[in-house]
Amino acid sequence: MKRFIYSVIAMLALGCTFVACGDDNDDPSIDFTSSAEEGSAGTYTGEWTRISSEGTDVYSGTITLTAAGTNATNVTFSCPDASINASSIANVWHANYGYQFFNQTTGDANKLGVAFSGRIDEAGNLDASFTLSQRVGRKNYEFKYEFRGKK
């Protein structure tokens, strides 16, 4: 019986020597040597998804980020088919192998007029979202906009 137990323990120990962790991504595409404002800057092209009680629509568009000083970035939202063309200032910072940005004010610095937030992952994909009230014909609608694009 002792021989059986020793054999099982030896097999477990041998099995543990061949176990490895997954591939760690030690080479992210985000350049952390530059500031968050400079590293996140660029034009991201992708799709806008507009969600309302009437349904969901998908449009092509862009978000452009331009460095505007310490911890600040100019963000330009552009989607002609959904009547979006606005620029705002956003706070931006390094976060989990990427960047995050947001603006929660609705004052003069935020020409979009609503709070928005976004994230850029290490592969250069930008996700952003906000909810905007827009007039279509004679009726106002609440639209949730989501953007997914790549630099």
# chains A, B, ... in the order shown; residues from 1 in each chain; ligands from 1
>>> residues_around(residues="range 68-80 of chain A", least_positions_apart="5", cutoff="9 Å", atoms="only C-alpha atoms", output="ChimeraX atom specification")
/A:35-38,40-41,47-48,59-63,85-93,101,112
>>> write_last_selection(atoms="N, CA and C atoms", output="mmCIF file, in the first residue's frame")
data_model
loop_
_atom_site.group_PDB
_atom_site.id
_atom_site.type_symbol
_atom_site.label_atom_id
_atom_site.label_comp_id
_atom_site.auth_asym_id
_atom_site.auth_seq_id
_atom_site.Cartn_x
_atom_site.Cartn_y
_atom_site.Cartn_z
ATOM 1 N N SER A 35 3.318 60.233 -22.105
ATOM 2 C CA SER A 35 2.195 60.585 -21.234
ATOM 3 C C SER A 35 0.925 59.943 -21.775
ATOM 4 N N ALA A 36 -0.076 59.847 -20.936
ATOM 5 C CA ALA A 36 -1.358 59.259 -21.349
ATOM 6 C C ALA A 36 -1.997 60.095 -22.457
ATOM 7 N N GLU A 37 -1.814 61.408 -22.395
ATOM 8 C CA GLU A 37 -2.390 62.289 -23.413
ATOM 9 C C GLU A 37 -1.772 62.015 -24.782
ATOM 10 N N GLU A 38 -0.439 61.866 -24.825
ATOM 11 C CA GLU A 38 0.248 61.615 -26.093
ATOM 12 C C GLU A 38 0.047 60.183 -26.571
ATOM 13 N N SER A 40 -2.483 58.141 -26.056
ATOM 14 C CA SER A 40 -3.853 57.837 -26.485
ATOM 15 C C SER A 40 -4.253 58.610 -27.731
ATOM 16 N N ALA A 41 -3.480 59.629 -28.104
ATOM 17 C CA ALA A 41 -3.836 60.488 -29.239
ATOM 18 C C ALA A 41 -3.899 59.701 -30.543
ATOM 19 N N GLU A 47 -17.398 51.585 -35.523
ATOM 20 C CA GLU A 47 -18.852 51.592 -35.640
ATOM 21 C C GLU A 47 -19.506 52.202 -34.407
ATOM 22 N N TRP A 48 -20.484 53.048 -34.668
ATOM 23 C CA TRP A 48 -21.358 53.573 -33.641
ATOM 24 C C TRP A 48 -22.616 52.710 -33.608
ATOM 25 N N TYR A 59 -23.815 52.636 -37.376
ATOM 26 C CA TYR A 59 -23.271 53.614 -38.309
ATOM 27 C C TYR A 59 -21.749 53.601 -38.247
ATOM 28 N N SER A 60 -21.113 54.034 -39.309
ATOM 29 C CA SER A 60 -19.660 54.212 -39.324
ATOM 30 C C SER A 60 -19.332 55.590 -38.772
ATOM 31 N N GLY A 61 -18.169 55.703 -38.134
ATOM 32 C CA GLY A 61 -17.762 56.991 -37.602
ATOM 33 C C GLY A 61 -16.393 56.930 -36.970
ATOM 34 N N THR A 62 -16.015 58.016 -36.304
ATOM 35 C CA THR A 62 -14.701 58.104 -35.699
ATOM 36 C C THR A 62 -14.778 58.785 -34.335
ATOM 37 N N ILE A 63 -13.736 58.567 -33.559
ATOM 38 C CA ILE A 63 -13.440 59.360 -32.372
ATOM 39 C C ILE A 63 -11.972 59.741 -32.504
ATOM 40 N N ASN A 85 -21.460 65.484 -34.095
ATOM 41 C CA ASN A 85 -20.208 66.147 -34.413
ATOM 42 C C ASN A 85 -19.930 67.123 -33.279
ATOM 43 N N ALA A 86 -19.196 66.670 -32.265
ATOM 44 C CA ALA A 86 -18.953 67.487 -31.086
ATOM 45 C C ALA A 86 -17.566 67.197 -30.535
ATOM 46 N N SER A 87 -16.961 68.207 -29.932
ATOM 47 C CA SER A 87 -15.653 68.061 -29.290
ATOM 48 C C SER A 87 -15.768 68.414 -27.823
ATOM 49 N N SER A 88 -15.020 67.718 -26.997
ATOM 50 C CA SER A 88 -15.034 67.956 -25.561
ATOM 51 C C SER A 88 -13.653 67.693 -24.998
ATOM 52 N N ILE A 89 -13.413 68.227 -23.824
ATOM 53 C CA ILE A 89 -12.193 67.943 -23.079
ATOM 54 C C ILE A 89 -12.476 66.726 -22.202
ATOM 55 N N ALA A 90 -11.494 65.847 -22.051
ATOM 56 C CA ALA A 90 -11.658 64.678 -21.181
ATOM 57 C C ALA A 90 -10.392 64.481 -20.354
ATOM 58 N N ASN A 91 -10.555 63.963 -19.156
ATOM 59 C CA ASN A 91 -9.416 63.515 -18.361
ATOM 60 C C ASN A 91 -8.987 62.165 -18.917
ATOM 61 N N VAL A 92 -7.682 61.919 -18.996
ATOM 62 C CA VAL A 92 -7.181 60.641 -19.513
ATOM 63 C C VAL A 92 -6.025 60.174 -18.634
ATOM 64 N N TRP A 93 -5.920 58.849 -18.436
ATOM 65 C CA TRP A 93 -4.853 58.302 -17.612
ATOM 66 C C TRP A 93 -4.554 56.873 -18.038
ATOM 67 N N PHE A 101 -10.617 57.413 -20.266
ATOM 68 C CA PHE A 101 -10.915 58.838 -20.317
ATOM 69 C C PHE A 101 -12.385 59.051 -19.985
ATOM 70 N N LEU A 112 -20.388 68.089 -26.176
ATOM 71 C CA LEU A 112 -21.321 66.990 -26.401
ATOM 72 C C LEU A 112 -22.581 67.185 -25.550
#
>>> residues_around(residues="Lys150 in chain A", least_positions_apart="2", cutoff="8 Å", atoms="only C-alpha atoms", output="VMD selection string")
chain A and resid 44 to 46 124 to 126 148
>>> closest_residue(among="A:Asp57, A:Leu132, A:Gly149, A:Ile84", to="Thr106 in chain A", atoms="only C-alpha atoms")
A:Leu132
>>> closest_residue(among="A:Thr131, A:Thr66, A:Thr49, A:Asn103", to="Asp81 in chain A", atoms="only C-alpha atoms")
A:Thr49
>>> residues_around(residues="Ser117 in chain A", least_positions_apart="3", cutoff="8 Å", atoms="only C-alpha atoms", output="PDB file with C-alpha atoms, in the first residue's frame")
ATOM      1  CA  GLN A 100      -9.266  55.477 -19.725  1.00  0.00           C
ATOM      2  CA  PHE A 101     -10.915  58.838 -20.317  1.00  0.00           C
ATOM      3  CA  PHE A 102     -14.086  60.568 -19.170  1.00  0.00           C
ATOM      4  CA  ASN A 103     -15.894  63.861 -18.758  1.00  0.00           C
ATOM      5  CA  ALA A 128     -16.822  54.639 -25.552  1.00  0.00           C
ATOM      6  CA  SER A 129     -20.409  55.259 -24.519  1.00  0.00           C
ATOM      7  CA  PHE A 130     -22.879  57.974 -23.589  1.00  0.00           C
TER       8      PHE A 130
END
>>> select_by_dssp(residues="range 33-143 of chain A", states="strand (DSSP E)", output="PyMOL selection string")
chain A and resi 42-52+55-67+72-79+84-94+99-103+116-120+125-136+139-143
>>> atom_distance(atom1="CA of Gln104 in chain A", atom2="CA of Ser83 in chain A")
21.4 Å
>>> closest_residue(among="A:Ala82, A:Ala95, A:Ala123, A:Val136", to="Val58 in chain A", atoms="only C-alpha atoms")
A:Ala82
>>> atom_distance(atom1="CA of Arg135 in chain A", atom2="CA of Thr64 in chain A")
24.9 Å
>>> residues_around(residues="Phe143 in chain A", least_positions_apart="5", cutoff="8 Å", atoms="only C-alpha atoms", output="VMD selection string")
chain A and resid 50 to 52 131 to 134
